[in-house]
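Structure data (compact mmCIF, C-alpha atoms) from model-v9.txt:
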# COMPACT_ATOMS: atom_id res chain seq x y z
CA MET A 1 69.72 82.01 66.01
CA LEU A 2 73.28 80.95 65.43
CA SER A 3 72.27 78.19 63.05
CA GLU A 4 70.60 80.79 60.81
CA ALA A 5 73.66 83.06 60.65
CA PRO A 6 75.68 82.71 57.47
CA ALA A 7 78.92 80.89 58.10
CA LEU A 8 82.18 82.54 57.15
CA PRO A 9 84.02 80.74 54.40
CA ILE A 10 86.85 78.68 55.86
CA PRO A 11 89.65 80.87 54.43
CA ALA A 12 88.00 84.04 55.79
CA ALA A 13 87.52 82.47 59.22
CA ALA A 14 91.14 81.31 59.27
CA ALA A 15 92.36 84.76 58.24
CA ALA A 16 90.25 86.39 60.95
CA HIS A 17 91.65 83.96 63.52
CA ARG A 18 95.24 84.69 62.43
CA ALA A 19 94.61 88.45 62.55
CA TYR A 20 93.12 88.18 66.03
CA GLY A 21 96.13 86.14 67.16
CA ALA A 22 98.55 88.68 65.72
CA VAL A 23 96.86 91.57 67.54
CA ARG A 24 96.80 89.60 70.80
CA ALA A 25 100.50 88.71 70.45
CA ALA A 26 101.43 92.36 69.92
CA ARG A 27 100.01 93.29 73.32
CA SER A 28 102.34 93.36 76.29
CA GLN A 29 102.40 90.54 78.81
CA ARG A 30 101.08 92.94 81.46
CA GLU A 31 98.06 93.79 79.30
CA GLN A 32 97.37 90.11 78.69
CA GLU A 33 97.64 89.36 82.41
CA ALA A 34 95.29 92.26 83.19
CA ASP A 35 92.79 90.69 80.78
CA VAL A 36 92.92 87.44 82.75
CA PHE A 37 91.92 89.30 85.91
CA ARG A 38 89.21 91.31 84.12
CA ILE A 39 87.72 88.10 82.71
CA LEU A 40 87.85 86.49 86.16
CA ALA A 41 86.10 89.49 87.75
CA GLY A 42 83.42 89.34 85.08
CA ARG A 43 82.82 85.63 85.63
CA LEU A 44 82.60 86.12 89.38
CA ARG A 45 80.08 88.94 89.01
CA ALA A 46 78.05 86.96 86.46
CA ALA A 47 77.90 84.09 88.94
CA LEU A 48 76.52 86.47 91.56
CA ARG A 49 73.65 87.38 89.23
CA ASP A 50 73.01 83.77 88.18
CA ALA A 51 70.51 81.81 90.24
CA ASP A 52 72.25 78.56 89.28
CA GLY A 53 74.64 77.49 92.03
CA MET A 54 76.84 75.75 89.49
CA ALA A 55 77.91 79.12 88.06
CA ALA A 56 79.27 80.08 91.49
CA VAL A 57 81.15 76.80 91.75
CA ARG A 58 82.71 77.33 88.31
CA ALA A 59 83.62 80.95 89.06
CA ALA A 60 85.21 79.95 92.39
CA ALA A 61 87.19 77.23 90.58
CA ASP A 62 88.40 79.84 88.08
CA ALA A 63 89.47 82.06 90.97
CA ARG A 64 91.30 79.15 92.57
CA ARG A 65 93.26 78.49 89.38
CA VAL A 66 94.18 82.13 88.83
CA PHE A 67 95.19 82.91 92.42
CA THR A 68 97.09 79.61 92.77
CA ALA A 69 99.10 80.55 89.69
CA VAL A 70 99.73 84.05 91.06
CA GLU A 71 100.89 82.73 94.42
CA THR A 72 103.11 80.10 92.83
CA LEU A 73 104.73 82.52 90.40
CA VAL A 74 105.43 85.37 92.81
CA LEU A 75 106.77 83.18 95.60
CA HIS A 76 109.07 81.20 93.33
CA PRO A 77 112.71 82.22 93.80
CA SER A 78 113.07 82.98 90.07
CA SER A 79 110.49 85.80 90.24
CA PRO A 80 112.11 89.07 89.15
CA LEU A 81 109.92 91.18 91.45
CA PRO A 82 111.39 92.75 94.61
CA ARG A 83 111.07 90.44 97.62
CA GLU A 84 108.71 92.75 99.55
CA LEU A 85 106.36 93.05 96.58
CA ARG A 86 106.45 89.29 95.99
CA LEU A 87 105.48 88.66 99.61
CA ALA A 88 102.68 91.23 99.52
CA ILE A 89 101.20 89.83 96.31
CA GLY A 90 101.60 86.28 97.64
CA SER A 91 99.78 87.27 100.82
CA VAL A 92 96.83 88.69 98.84
CA ALA A 93 96.71 85.58 96.65
CA ARG A 94 96.76 83.36 99.75
CA ARG A 95 93.85 85.38 101.23
CA ALA A 96 91.90 84.90 98.01
CA LEU A 97 92.56 81.15 98.17
CA ARG A 98 91.32 81.02 101.77
CA GLU A 99 88.14 82.76 100.63
CA VAL A 100 87.68 80.24 97.80
CA ASP A 101 87.95 77.44 100.39
CA GLU A 102 85.01 78.82 102.37
CA PRO A 103 81.73 76.85 102.11
CA GLU A 104 80.15 79.92 100.45
CA PRO A 105 82.96 82.08 99.06
CA ASP A 106 82.39 85.83 98.86
CA LEU A 107 82.42 86.17 95.08
CA SER A 108 82.06 89.94 95.30
CA PHE A 109 85.25 90.16 97.39
CA LEU A 110 87.10 87.91 94.94
CA ALA A 111 85.87 90.01 92.00
CA ALA A 112 87.13 93.16 93.73
CA LEU A 113 90.55 91.55 94.21
CA ALA A 114 90.64 90.58 90.53
CA ASP A 115 89.71 94.15 89.58
CA ASP A 116 92.52 95.49 91.76
CA PHE A 117 95.05 93.16 90.14
CA ALA A 118 93.84 94.21 86.66
CA ALA A 119 94.10 97.89 87.57
CA GLY A 120 97.60 97.41 88.96
CA LEU A 121 98.73 95.63 85.83
CA GLN A 122 97.32 98.39 83.61
CA GLN A 123 99.55 100.99 85.26
CA ARG A 124 102.88 101.60 83.66
CA PRO A 125 105.91 100.88 85.86
CA GLY A 126 106.92 104.07 87.64
CA GLN A 127 103.55 105.70 86.96
CA ALA A 128 101.67 107.14 89.92
CA PRO A 129 98.33 105.39 90.66
Do you think you could lay out the structure here as structure tokens?
Amino acid sequence: MLSEAPALPIPAAAAAHRAYGAVRAARSQREQEADVFRILAGRLRAALRDADGMAAVRAAADARRVFTAVETLVLHPSSPLPRELRLAIGSVARRALREVDEPEPDLSFLAALADDFAAGLQQRPGQAP
């Protein structure tokens, strides 16, 4: 049990936290964004396996937050992406949001979208898929 595990001394725990933060900060923004989509896909798939309906509600809420942010960011005029790409990504995000609004959202579909976004972000610009 967790209560039986020896606790790290405070200085060691703080040092571990700082080291973790330093490694995370050294990663590119694209890698960090890909992680967000991988985490979302995992939560959606976990909710599919969970008999508790509340897990599905939470996972759908997570999807709503992520895809709302995506849509907002890519459609904002300050986005540096080419217009056609911004519109295509915005369209996919809008489709995901329509799915989330369904009485029983297709969590598998949303997880697949999140996986696709993660895969796209993992590619290097100019690299063939």
Problem - Neighbour list for stretch 103-109 of chain A as JSON, numbers by chain, cut-off 7 Å, all atoms listed in the file, skip fewer than 6 positions in-chain - result: {"A": [44, 45, 48]}
Practice task
Quick one: pull the distance between atom CA of A:Arg98 and atom CA of A:Ala34, Å, one decimal.
Solution key: 22.1 Å
Handout entry: Polymer residues at most 9 Å from A:Leu40, only C-alpha atoms, same-chain spacing of 5 or more positions, as a PyMOL selection string
Key = chain A and resi 35+45+59+62-63+66+110-111+114-115
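The closest residue to A:Ala41, picked from A:Ala16, A:Ala60, A:Leu85, A:Val92 and counting all atoms listed in the file, is A:Ala60.
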Completion exercise
Expressed in Å, the length from atom CA of A:Asp52 to atom CA of A:Val70 is 28.1 Å
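The spacing separating atom CA of A:Leu75 from atom CA of A:Ile89 amounts to 8.7 Å.
Nearest to A:Ala88 of all the residues A:Val36, A:Val74, A:Ala26, A:Ala47 is A:Val74, based on all atoms listed in the file.
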Which centre and which edge lengths, in Å to one decimal, describe the axis-aligned box that holds all listed atoms of stretch 93-106 of chain A after 8 Å is added on each side, as JSON?
{"center_x": 88.5, "center_y": 81.3, "center_z": 99.5, "size_x": 32.6, "size_y": 25.0, "size_z": 21.7}
Exercise for the section: Check the smallest atom-to-atom distance from each of A:Arg65, A:Pro82, A:Pro77, A:Gln123 to A:Arg94 using only C-alpha atoms, then report the winner. Expected result: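 Ranked by minimum distance to A:Arg94, first place goes to A:Arg65.
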Fill in the blank from the handout: Closest of A:Phe67, A:Ser79, A:Val57, A:Leu73 to A:Glu102, counting only C-alpha atoms, is A:Val57
